[in-house]
Amino acid sequence: MSEYRFSSLDLSPNGIAETSTLLTSVFGSEAKLTPEFIHWEYNENPVGHAVGFNAWMDDELAAHYVTQPIVATFNGHPRRGLLSLNTATHENHRGNKLFTILADKTYEAGLQQGYDFVIGVANANSTPGFLKNLNFTLICPLKVKFGAGVQSAVLNGKYEYTRFWDKNMLAWRLSNPKLQYEIVKQKDQFVVLAPTGKYGIRAVLGAFPLDMLPENINLKSRGGVNPVNIWMGLDEHLLWKGKLYFNFPDRLKPSPLNLIFRDLTGNNRIPKPEQIRFMSLDFDAY
């Protein structure tokens, strides 16, 4: 019987097409993991190309794991890290611990390339595997609120961890071929929103200084009747008192989303939940 062969990501058009085929077979066509989307996500990120590994059995792509390079301000310094993204195992190859093998190889390669942490959002089913098998730390579940109107951010708040964005990075992030984002302009900032796929409900993804608004990308300005908005993330500087927002009932959440973190340097630097700014735009929910 053949053994598995492991290789770093193939980011060529052919490799992207094979990845799209595997991801679609696992997650379904409604996930819209097209070659166009994967090329945008893996190859066009201005911080760097995706870092990950594939497992092969002969000519069949058996499993895939990928992380996305990011920059974050962590403990007062800019640091390069990885955002855990897609993992998929072909139905013929499940139960062989391929995800753990691919993740270990990915993190080793990431450290060699100068990335010193991995951050991710895991659901209730996948969280135990990250914690037990891959040495992640559970930070806390993401908070979820719903209501009307758009909350302003405290743009000069002090955080132990916050993802770094600039105009170029935002231009890439907001050119996601799967979605058309919406904006609300305020006095000195703009807020990004996205459709959730449910009628009359929008997701509030994050707020940024107005001078960081990219030009020449396909954004819609909000207008008309305000829908219900969903906010998800961590940010102790946001003030909800007096706002028409309420905590989303746990019993109505499809699955709690947990923020997880791993320090690749061995120094066990773990940010505290109350000192983290983490927005929906910081990961791949929308």
# chains A, B, ... in the order shown; residues from 1 in each chain; ligands from 1
call {"tool": "select_by_dssp", "arguments": {"residues": "region 97-161 of chain A", "states": "strand (DSSP E)", "output": "PyMOL selection string"}}
result
chain A and resi 117-122+137-141+143-147+161
call {"tool": "write_last_selection", "arguments": {"atoms": "N, CA, C and O atoms", "output": "PDB file, in the first residue's frame"}}
result
ATOM      1  N   PHE A 117       3.841  33.471  15.707  1.00  0.00           N
ATOM      2  CA  PHE A 117       2.655  33.010  16.417  1.00  0.00           C
ATOM      3  C   PHE A 117       1.598  32.571  15.410  1.00  0.00           C
ATOM      4  O   PHE A 117       1.666  32.906  14.220  1.00  0.00           O
ATOM      5  N   VAL A 118       0.627  31.804  15.922  1.00  0.00           N
ATOM      6  CA  VAL A 118      -0.549  31.421  15.126  1.00  0.00           C
ATOM      7  C   VAL A 118      -1.779  31.783  15.934  1.00  0.00           C
ATOM      8  O   VAL A 118      -1.848  31.507  17.137  1.00  0.00           O
ATOM      9  N   ILE A 119      -2.732  32.409  15.300  1.00  0.00           N
ATOM     10  CA  ILE A 119      -4.005  32.740  15.933  1.00  0.00           C
ATOM     11  C   ILE A 119      -5.113  32.165  15.068  1.00  0.00           C
ATOM     12  O   ILE A 119      -4.946  32.009  13.845  1.00  0.00           O
ATOM     13  N   GLY A 120      -6.215  31.796  15.691  1.00  0.00           N
ATOM     14  CA  GLY A 120      -7.302  31.231  14.912  1.00  0.00           C
ATOM     15  C   GLY A 120      -8.620  31.299  15.649  1.00  0.00           C
ATOM     16  O   GLY A 120      -8.672  31.615  16.841  1.00  0.00           O
ATOM     17  N   VAL A 121      -9.679  31.004  14.924  1.00  0.00           N
ATOM     18  CA  VAL A 121     -11.023  30.918  15.486  1.00  0.00           C
ATOM     19  C   VAL A 121     -11.531  29.512  15.199  1.00  0.00           C
ATOM     20  O   VAL A 121     -11.617  29.102  14.039  1.00  0.00           O
ATOM     21  N   ALA A 122     -11.837  28.777  16.259  1.00  0.00           N
ATOM     22  CA  ALA A 122     -12.256  27.375  16.120  1.00  0.00           C
ATOM     23  C   ALA A 122     -13.646  27.187  16.710  1.00  0.00           C
ATOM     24  O   ALA A 122     -13.993  27.809  17.719  1.00  0.00           O
ATOM     25  N   THR A 137      -3.565  27.553  23.056  1.00  0.00           N
ATOM     26  CA  THR A 137      -4.210  28.010  24.277  1.00  0.00           C
ATOM     27  C   THR A 137      -5.562  28.612  23.910  1.00  0.00           C
ATOM     28  O   THR A 137      -5.664  29.376  22.946  1.00  0.00           O
ATOM     29  N   LEU A 138      -6.590  28.267  24.660  1.00  0.00           N
ATOM     30  CA  LEU A 138      -7.902  28.877  24.467  1.00  0.00           C
ATOM     31  C   LEU A 138      -7.906  30.242  25.136  1.00  0.00           C
ATOM     32  O   LEU A 138      -7.725  30.343  26.350  1.00  0.00           O
ATOM     33  N   ILE A 139      -8.077  31.296  24.343  1.00  0.00           N
ATOM     34  CA  ILE A 139      -8.173  32.648  24.900  1.00  0.00           C
ATOM     35  C   ILE A 139      -9.547  32.836  25.546  1.00  0.00           C
ATOM     36  O   ILE A 139      -9.664  33.062  26.745  1.00  0.00           O
ATOM     37  N   CYS A 140     -10.591  32.737  24.769  1.00  0.00           N
ATOM     38  CA  CYS A 140     -11.968  32.808  25.256  1.00  0.00           C
ATOM     39  C   CYS A 140     -12.907  32.744  24.050  1.00  0.00           C
ATOM     40  O   CYS A 140     -12.470  32.942  22.914  1.00  0.00           O
ATOM     41  N   PRO A 141     -14.183  32.481  24.278  1.00  0.00           N
ATOM     42  CA  PRO A 141     -15.147  32.571  23.176  1.00  0.00           C
ATOM     43  C   PRO A 141     -15.289  34.026  22.706  1.00  0.00           C
ATOM     44  O   PRO A 141     -15.185  34.959  23.502  1.00  0.00           O
ATOM     45  N   LYS A 143     -17.287  37.266  21.735  1.00  0.00           N
ATOM     46  CA  LYS A 143     -18.557  37.831  22.154  1.00  0.00           C
ATOM     47  C   LYS A 143     -19.412  38.127  20.917  1.00  0.00           C
ATOM     48  O   LYS A 143     -18.889  38.495  19.856  1.00  0.00           O
ATOM     49  N   VAL A 144     -20.709  37.971  21.067  1.00  0.00           N
ATOM     50  CA  VAL A 144     -21.636  38.223  19.961  1.00  0.00           C
ATOM     51  C   VAL A 144     -22.766  39.101  20.468  1.00  0.00           C
ATOM     52  O   VAL A 144     -23.382  38.807  21.497  1.00  0.00           O
ATOM     53  N   LYS A 145     -23.024  40.197  19.761  1.00  0.00           N
ATOM     54  CA  LYS A 145     -24.112  41.111  20.103  1.00  0.00           C
ATOM     55  C   LYS A 145     -24.939  41.408  18.861  1.00  0.00           C
ATOM     56  O   LYS A 145     -24.431  41.313  17.728  1.00  0.00           O
ATOM     57  N   PHE A 146     -26.199  41.775  19.068  1.00  0.00           N
ATOM     58  CA  PHE A 146     -27.045  42.166  17.953  1.00  0.00           C
ATOM     59  C   PHE A 146     -27.810  43.425  18.335  1.00  0.00           C
ATOM     60  O   PHE A 146     -28.058  43.685  19.523  1.00  0.00           O
ATOM     61  N   GLY A 147     -28.161  44.220  17.331  1.00  0.00           N
ATOM     62  CA  GLY A 147     -28.901  45.434  17.614  1.00  0.00           C
ATOM     63  C   GLY A 147     -29.033  46.307  16.387  1.00  0.00           C
ATOM     64  O   GLY A 147     -28.897  45.853  15.253  1.00  0.00           O
ATOM     65  N   TYR A 161      -2.863  43.034  22.132  1.00  0.00           N
ATOM     66  CA  TYR A 161      -2.847  42.413  20.811  1.00  0.00           C
ATOM     67  C   TYR A 161      -3.906  43.067  19.947  1.00  0.00           C
ATOM     68  O   TYR A 161      -5.072  43.174  20.340  1.00  0.00           O
TER      69      TYR A 161
END
call {"tool": "residues_around", "arguments": {"residues": "Glu44 (chain A)", "least_positions_apart": "3", "cutoff": "12 Å", "atoms": "only C-alpha atoms", "output": "PyMOL selection string"}}
result
chain A and resi 11+36-41+47-50+68-69+168-169+171-173+175-177
call {"tool": "atom_distance", "arguments": {"atom1": "CA of Leu234 (chain A)", "atom2": "CA of Thr162 (chain A)"}}
result
10.0 Å
call {"tool": "select_by_dssp", "arguments": {"residues": "region 74-275 of chain A", "states": "helix (DSSP H, G or I)", "output": "MDAnalysis selection string"}}
result
chainID A and resid 91:93 98:112 127:133 167:173 210:212 250:252 273:275
call {"tool": "write_last_selection", "arguments": {"atoms": "C-alpha atoms", "output": "PDB file, in the first residue's frame"}}
result
ATOM      1  CA  GLU A  91     -13.514  11.357   2.845  1.00  0.00           C
ATOM      2  CA  ASN A  92     -11.312   8.416   1.806  1.00  0.00           C
ATOM      3  CA  HIS A  93      -8.509   9.468   4.147  1.00  0.00           C
ATOM      4  CA  LEU A  98      -3.401  14.012   8.664  1.00  0.00           C
ATOM      5  CA  PHE A  99      -4.545  17.394   9.996  1.00  0.00           C
ATOM      6  CA  THR A 100      -2.152  17.181  12.965  1.00  0.00           C
ATOM      7  CA  ILE A 101       0.753  16.186  10.703  1.00  0.00           C
ATOM      8  CA  LEU A 102       0.045  18.988   8.220  1.00  0.00           C
ATOM      9  CA  ALA A 103      -0.381  21.582  10.971  1.00  0.00           C
ATOM     10  CA  ASP A 104       2.920  20.612  12.628  1.00  0.00           C
ATOM     11  CA  LYS A 105       4.728  20.902   9.301  1.00  0.00           C
ATOM     12  CA  THR A 106       3.032  24.243   8.611  1.00  0.00           C
ATOM     13  CA  TYR A 107       4.020  25.784  11.951  1.00  0.00           C
ATOM     14  CA  GLU A 108       7.610  24.555  11.608  1.00  0.00           C
ATOM     15  CA  ALA A 109       7.830  26.114   8.138  1.00  0.00           C
ATOM     16  CA  GLY A 110       6.159  29.312   9.381  1.00  0.00           C
ATOM     17  CA  LEU A 111       8.691  29.716  12.186  1.00  0.00           C
ATOM     18  CA  GLN A 112      11.536  29.235   9.713  1.00  0.00           C
ATOM     19  CA  THR A 127     -11.250  23.448  19.525  1.00  0.00           C
ATOM     20  CA  PRO A 128     -10.285  20.336  21.574  1.00  0.00           C
ATOM     21  CA  GLY A 129      -8.035  19.080  18.757  1.00  0.00           C
ATOM     22  CA  PHE A 130      -6.164  22.378  18.559  1.00  0.00           C
ATOM     23  CA  LEU A 131      -5.685  22.444  22.328  1.00  0.00           C
ATOM     24  CA  LYS A 132      -4.752  18.791  22.873  1.00  0.00           C
ATOM     25  CA  ASN A 133      -2.797  17.939  19.733  1.00  0.00           C
ATOM     26  CA  LYS A 167      -4.663  51.031   3.352  1.00  0.00           C
ATOM     27  CA  ASN A 168      -3.014  48.494   1.058  1.00  0.00           C
ATOM     28  CA  MET A 169      -3.976  45.554   3.270  1.00  0.00           C
ATOM     29  CA  LEU A 170      -7.560  46.786   3.535  1.00  0.00           C
ATOM     30  CA  ALA A 171      -7.782  47.226  -0.241  1.00  0.00           C
ATOM     31  CA  TRP A 172      -6.876  43.555  -0.621  1.00  0.00           C
ATOM     32  CA  ARG A 173      -9.151  42.334   2.194  1.00  0.00           C
ATOM     33  CA  LEU A 210     -11.392  57.536   7.461  1.00  0.00           C
ATOM     34  CA  ASP A 211      -8.074  58.211   5.686  1.00  0.00           C
ATOM     35  CA  MET A 212      -7.537  54.435   5.384  1.00  0.00           C
ATOM     36  CA  ASP A 250     -26.056  31.274  23.706  1.00  0.00           C
ATOM     37  CA  ARG A 251     -28.913  28.896  22.913  1.00  0.00           C
ATOM     38  CA  LEU A 252     -29.378  30.552  19.503  1.00  0.00           C
ATOM     39  CA  PRO A 273      -8.727  38.424  26.604  1.00  0.00           C
ATOM     40  CA  GLU A 274      -9.438  41.859  28.100  1.00  0.00           C
ATOM     41  CA  GLN A 275      -6.428  43.322  26.246  1.00  0.00           C
TER      42      GLN A 275
END
call {"tool": "closest_residue", "arguments": {"among": "A:Val191, A:Leu142, A:Ile183, A:Leu281", "to": "Asn247 (chain A)", "atoms": "only C-alpha atoms"}}
result
A:Leu142
call {"tool": "decode", "arguments": {"residues": "region 96-166 of chain A", "atoms": "C-alpha atoms", "output": "PDB file, in the first residue's frame"}}
result
ATOM      1  CA  ASN A  96      -5.325   9.061   9.843  1.00  0.00           C
ATOM      2  CA  LYS A  97      -4.361  12.177  11.855  1.00  0.00           C
ATOM      3  CA  LEU A  98      -3.401  14.012   8.664  1.00  0.00           C
ATOM      4  CA  PHE A  99      -4.545  17.394   9.996  1.00  0.00           C
ATOM      5  CA  THR A 100      -2.152  17.181  12.965  1.00  0.00           C
ATOM      6  CA  ILE A 101       0.753  16.186  10.703  1.00  0.00           C
ATOM      7  CA  LEU A 102       0.045  18.988   8.220  1.00  0.00           C
ATOM      8  CA  ALA A 103      -0.381  21.582  10.971  1.00  0.00           C
ATOM      9  CA  ASP A 104       2.920  20.612  12.628  1.00  0.00           C
ATOM     10  CA  LYS A 105       4.728  20.902   9.301  1.00  0.00           C
ATOM     11  CA  THR A 106       3.032  24.243   8.611  1.00  0.00           C
ATOM     12  CA  TYR A 107       4.020  25.784  11.951  1.00  0.00           C
ATOM     13  CA  GLU A 108       7.610  24.555  11.608  1.00  0.00           C
ATOM     14  CA  ALA A 109       7.830  26.114   8.138  1.00  0.00           C
ATOM     15  CA  GLY A 110       6.159  29.312   9.381  1.00  0.00           C
ATOM     16  CA  LEU A 111       8.691  29.716  12.186  1.00  0.00           C
ATOM     17  CA  GLN A 112      11.536  29.235   9.713  1.00  0.00           C
ATOM     18  CA  GLN A 113       9.998  31.974   7.537  1.00  0.00           C
ATOM     19  CA  GLY A 114       9.874  34.451  10.424  1.00  0.00           C
ATOM     20  CA  TYR A 115       6.312  34.025  11.695  1.00  0.00           C
ATOM     21  CA  ASP A 116       6.276  33.744  15.472  1.00  0.00           C
ATOM     22  CA  PHE A 117       2.655  33.010  16.417  1.00  0.00           C
ATOM     23  CA  VAL A 118      -0.549  31.421  15.126  1.00  0.00           C
ATOM     24  CA  ILE A 119      -4.005  32.740  15.933  1.00  0.00           C
ATOM     25  CA  GLY A 120      -7.302  31.231  14.912  1.00  0.00           C
ATOM     26  CA  VAL A 121     -11.023  30.918  15.486  1.00  0.00           C
ATOM     27  CA  ALA A 122     -12.256  27.375  16.120  1.00  0.00           C
ATOM     28  CA  ASN A 123     -15.751  26.032  16.652  1.00  0.00           C
ATOM     29  CA  ALA A 124     -16.734  23.770  19.524  1.00  0.00           C
ATOM     30  CA  ASN A 125     -15.933  20.601  17.561  1.00  0.00           C
ATOM     31  CA  SER A 126     -12.436  21.568  16.423  1.00  0.00           C
ATOM     32  CA  THR A 127     -11.250  23.448  19.525  1.00  0.00           C
ATOM     33  CA  PRO A 128     -10.285  20.336  21.574  1.00  0.00           C
ATOM     34  CA  GLY A 129      -8.035  19.080  18.757  1.00  0.00           C
ATOM     35  CA  PHE A 130      -6.164  22.378  18.559  1.00  0.00           C
ATOM     36  CA  LEU A 131      -5.685  22.444  22.328  1.00  0.00           C
ATOM     37  CA  LYS A 132      -4.752  18.791  22.873  1.00  0.00           C
ATOM     38  CA  ASN A 133      -2.797  17.939  19.733  1.00  0.00           C
ATOM     39  CA  LEU A 134      -1.324  21.253  18.584  1.00  0.00           C
ATOM     40  CA  ASN A 135      -0.491  23.066  21.854  1.00  0.00           C
ATOM     41  CA  PHE A 136      -2.868  25.975  21.365  1.00  0.00           C
ATOM     42  CA  THR A 137      -4.210  28.010  24.277  1.00  0.00           C
ATOM     43  CA  LEU A 138      -7.902  28.877  24.467  1.00  0.00           C
ATOM     44  CA  ILE A 139      -8.173  32.648  24.900  1.00  0.00           C
ATOM     45  CA  CYS A 140     -11.968  32.808  25.256  1.00  0.00           C
ATOM     46  CA  PRO A 141     -15.147  32.571  23.176  1.00  0.00           C
ATOM     47  CA  LEU A 142     -15.834  35.528  20.903  1.00  0.00           C
ATOM     48  CA  LYS A 143     -18.557  37.831  22.154  1.00  0.00           C
ATOM     49  CA  VAL A 144     -21.636  38.223  19.961  1.00  0.00           C
ATOM     50  CA  LYS A 145     -24.112  41.111  20.103  1.00  0.00           C
ATOM     51  CA  PHE A 146     -27.045  42.166  17.953  1.00  0.00           C
ATOM     52  CA  GLY A 147     -28.901  45.434  17.614  1.00  0.00           C
ATOM     53  CA  ALA A 148     -29.504  48.549  15.562  1.00  0.00           C
ATOM     54  CA  GLY A 149     -27.111  51.218  14.419  1.00  0.00           C
ATOM     55  CA  VAL A 150     -23.337  51.110  14.054  1.00  0.00           C
ATOM     56  CA  GLN A 151     -21.028  51.268  17.032  1.00  0.00           C
ATOM     57  CA  SER A 152     -18.048  53.648  16.826  1.00  0.00           C
ATOM     58  CA  ALA A 153     -14.635  52.218  17.672  1.00  0.00           C
ATOM     59  CA  VAL A 154     -12.062  53.714  20.031  1.00  0.00           C
ATOM     60  CA  LEU A 155      -9.309  53.951  17.446  1.00  0.00           C
ATOM     61  CA  ASN A 156      -6.609  55.066  19.886  1.00  0.00           C
ATOM     62  CA  GLY A 157      -7.320  52.394  22.499  1.00  0.00           C
ATOM     63  CA  LYS A 158      -4.365  50.553  24.031  1.00  0.00           C
ATOM     64  CA  TYR A 159      -4.277  46.815  23.461  1.00  0.00           C
ATOM     65  CA  GLU A 160      -1.853  43.981  24.138  1.00  0.00           C
ATOM     66  CA  TYR A 161      -2.847  42.413  20.811  1.00  0.00           C
ATOM     67  CA  THR A 162      -4.467  43.943  17.749  1.00  0.00           C
ATOM     68  CA  ARG A 163      -4.138  43.031  14.096  1.00  0.00           C
ATOM     69  CA  PHE A 164      -2.364  45.696  12.047  1.00  0.00           C
ATOM     70  CA  TRP A 165      -4.088  47.060   8.957  1.00  0.00           C
ATOM     71  CA  ASP A 166      -3.004  49.693   6.482  1.00  0.00           C
TER      72      ASP A 166
END
